[in-house]
Amino acid sequence: MPNIRLIARLDVKGPNLIKGVHLEGVRVVGNPGEHARAYYKQGIDELLYVDAVASLYQRDSLAEIVRSVSKDVFVPMTVAGGVRGVRDVEEMLRSGADKVAINSAAVRRPGLIGEVSRRFGSQCMVLSIEAQSAGPGRWEACIDNGREATGLDAVDWAICGVALGAGEILLTSVNREGTYTGFDCELVRRVARAVPVPVIASGGMGTLAHLRQVVVDGAADAVAIAGVLHYGRLALTDIRAFAEAAGFCVRR
Amino acid sequence: MLPRVTVADYGIGNLRSVLRALEACGADAALSSDPEEVAVAERLILPGVGAFAQGMDELRRRDLIEPIQSFARTGRPFLGICLGMQMMLATGHEFGTHAGLGLMAGTVEALPVCGAGGRPHKIPHIGWNRIFASGGWARTILAGLEDAVVYFVHSYVAVPELAAVRFAECDYDGSRFVAAVRSENLYGCQFHPEKSGPTGLRILANFLALA
């Protein structure tokens, strides 16, 4: 009976909670702190904050959100976006984050994965992979919110990242993100079977059936849920009840 | 008066999360890396994430090993969290063999790489799991929390020598491991109460209420 984690993914831009399609074309949804507190009260297992503007600017606003939320939200929080070095990780942890997820900076300088993992423990170093379909059974890792292709095979990059010290993989399907058409289960399964660390499936959750598919067919260890929660299409209590009925072990 | 608690600051781990959770429980909580303050604290929490040897090195660098050991002999309430619990044991076997604080006899070992049925499972173990009593929980930090579900993230587990200090257990995919230890007022938990939602806050509140 798989024991899965339900993770609320909150993409933020400046002070706002946003939602896009394929990581682009964003719309403002609301206040990230209010959503986070509401999900905590409903029993979310973890929160994942993603700074959508790659944080060339406005990174302080993400740290500010995390600082404020961590005063009354007591579940693990992961922060992604704009983390370039050990000092950025330190700042995020000081603000109240428990883990950081790194994409672009790790692609540009893979040695960063080992630096973060040695300094803060591998449980703190989540490798974020934005995977874009590149033909049947192939995916390419992208950076900068799916905008720039890297030439790296997503599955190979996951294996490499874990060898370098990543303790968890956040795997986002750029093709499915924001579409509500279901997870890319083949992608998730390929990565989840290839690495010994937990894999968080992200991108595509539109219905309860999608959750079952990505756990059963995709072998996901955790599931990131965004739009359906933010827009109230699905309630966390119903998601959990469904997961239990499907035979998954979830927090009660 | 607010219950006072000192959180040992040795430059490792999610210290802020622990502080905030204690504050939410109504504690007067302060970080300290001062050996003197640590030794005379009313209550002491040793948090921590990361590797065993690095944790011990950071404690040593700040001259905190002896103050923590002497605090532990006073009988005042002590709580080690995650790596903080593992370091309570005598010996760690993570990346070599390293001496721990020695507050309890035993070792720290890697989680088995395979689960029930001999299939490999994910390491680190990250997730919410039920804990089971192995020993009475009345008037302890786990009072009233039978079958609680708490948050774990770890690759290693404590293996205490004395069965009597095994206080709670957990099952990860068929591997039974020690989720919490207790010897009088010395407590250690492998899970993270500061990240275990309202259940975790109750555990911390129970700790603050220990005499």
# chains A, B, ... in the order shown; residues from 1 in each chain; ligands from 1
$ interface_residues --of "chain B" --to "chain A" --cutoff "6 Å" --atoms "only C-alpha atoms" --output "ChimeraX atom specification"
/B:16-17,20,50,122-123,195-197
$ write_last_selection --atoms "C-alpha atoms" --output "PDB file, in the first residue's frame"
ATOM      1  CA  ARG B  16      13.834  28.601  13.104  1.00  0.00           C
ATOM      2  CA  SER B  17      11.109  26.043  12.486  1.00  0.00           C
ATOM      3  CA  ARG B  20       8.436  28.978  15.860  1.00  0.00           C
ATOM      4  CA  GLY B  50      22.100  16.280   8.163  1.00  0.00           C
ATOM      5  CA  LYS B 122      13.000   4.868  -1.446  1.00  0.00           C
ATOM      6  CA  ILE B 123      15.725   6.245   0.804  1.00  0.00           C
ATOM      7  CA  LYS B 195       6.727  19.771  11.191  1.00  0.00           C
ATOM      8  CA  SER B 196       4.003  17.350  12.228  1.00  0.00           C
ATOM      9  CA  GLY B 197       1.094  19.773  12.272  1.00  0.00           C
TER      10      GLY B 197
END
$ residues_around --residues "Arg202 in chain B" --least-positions-apart "3" --cutoff "9 Å" --atoms "only C-alpha atoms" --output "ChimeraX atom specification"
/B:25,141-142,145,193,197-199,205-207
$ write_last_selection --atoms "C-alpha atoms" --output "short mmCIF file (atom, residue, chain, number, x, y, z; two decimals), in the first residue's frame"
data_model
loop_
_atom_site.label_atom_id
_atom_site.label_comp_id
_atom_site.auth_asym_id
_atom_site.auth_seq_id
_atom_site.Cartn_x
_atom_site.Cartn_y
_atom_site.Cartn_z
CA CYS B 25 3.00 26.28 22.02
CA ILE B 141 5.62 13.70 25.69
CA LEU B 142 3.45 11.23 23.76
CA LEU B 145 -1.16 10.55 21.14
CA PRO B 193 7.35 17.34 15.88
CA GLY B 197 1.09 19.77 12.27
CA PRO B 198 -1.21 20.00 15.31
CA THR B 199 -0.05 16.54 16.49
CA ALA B 205 3.45 21.20 24.47
CA ASN B 206 3.70 17.93 26.43
CA PHE B 207 7.47 18.36 26.54
#
$ select_by_dssp --residues "range 14-75 of chain B" --states "helix (DSSP H, G or I)" --output "PyMOL selection string"
chain B and resi 15-24+35-39+52-61+65-73
$ write_last_selection --atoms "C-alpha atoms" --output "short mmCIF file (atom, residue, chain, number, x, y, z; two decimals), in the first residue's frame"
data_model
loop_
_atom_site.label_atom_id
_atom_site.label_comp_id
_atom_site.auth_asym_id
_atom_site.auth_seq_id
_atom_site.Cartn_x
_atom_site.Cartn_y
_atom_site.Cartn_z
CA LEU B 15 16.37 25.93 14.02
CA ARG B 16 13.83 28.60 13.10
CA SER B 17 11.11 26.04 12.49
CA VAL B 18 11.72 24.53 15.91
CA LEU B 19 11.66 27.97 17.57
CA ARG B 20 8.44 28.98 15.86
CA ALA B 21 6.70 25.74 16.78
CA LEU B 22 7.73 26.20 20.42
CA GLU B 23 6.48 29.77 20.37
CA ALA B 24 3.17 28.55 18.95
CA PRO B 35 28.15 26.28 26.55
CA GLU B 36 27.30 27.85 29.92
CA GLU B 37 23.69 28.67 28.95
CA VAL B 38 23.18 25.20 27.52
CA ALA B 39 24.44 23.51 30.68
CA PHE B 52 26.01 12.41 12.09
CA ALA B 53 29.71 13.23 11.89
CA GLN B 54 29.10 16.79 10.77
CA GLY B 55 26.61 17.32 13.58
CA MET B 56 29.09 16.07 16.17
CA ASP B 57 31.86 18.19 14.62
CA GLU B 58 29.70 21.31 14.85
CA LEU B 59 28.88 20.56 18.51
CA ARG B 60 32.57 20.02 19.23
CA ARG B 61 33.60 23.20 17.45
CA ILE B 65 29.40 18.27 23.88
CA GLU B 66 30.32 18.35 27.57
CA PRO B 67 27.60 20.95 28.47
CA ILE B 68 24.92 18.78 26.81
CA GLN B 69 26.20 15.68 28.61
CA SER B 70 26.21 17.51 31.91
CA PHE B 71 22.71 18.90 31.25
CA ALA B 72 21.50 15.36 30.59
CA ARG B 73 22.74 14.26 34.05
#
$ residues_around --residues "Arg9 in chain A" --least-positions-apart "4" --cutoff "8 Å" --atoms "only C-alpha atoms" --output "list in words"
Leu47, Leu48, Tyr49, Val50, Ala224, Ile225 and Ala226 of chain A
$ write_last_selection --atoms "N, CA and C atoms" --output "short mmCIF file (atom, residue, chain, number, x, y, z; two decimals), in the first residue's frame"
data_model
loop_
_atom_site.label_atom_id
_atom_site.label_comp_id
_atom_site.auth_asym_id
_atom_site.auth_seq_id
_atom_site.Cartn_x
_atom_site.Cartn_y
_atom_site.Cartn_z
N LEU A 47 4.02 21.93 1.82
CA LEU A 47 3.81 23.07 0.92
C LEU A 47 5.05 23.22 0.04
N LEU A 48 4.80 23.59 -1.20
CA LEU A 48 5.89 23.84 -2.14
C LEU A 48 5.68 25.21 -2.76
N TYR A 49 6.60 26.12 -2.49
CA TYR A 49 6.53 27.44 -3.09
C TYR A 49 7.48 27.52 -4.27
N VAL A 50 6.97 27.98 -5.39
CA VAL A 50 7.82 28.13 -6.56
C VAL A 50 7.79 29.59 -7.00
N ALA A 224 2.17 16.74 -6.38
CA ALA A 224 1.99 18.18 -6.24
C ALA A 224 0.67 18.57 -6.88
N ILE A 225 -0.11 19.34 -6.13
CA ILE A 225 -1.44 19.73 -6.59
C ILE A 225 -1.52 21.26 -6.55
N ALA A 226 -1.99 21.86 -7.64
CA ALA A 226 -2.01 23.32 -7.69
C ALA A 226 -3.39 23.84 -8.06
#
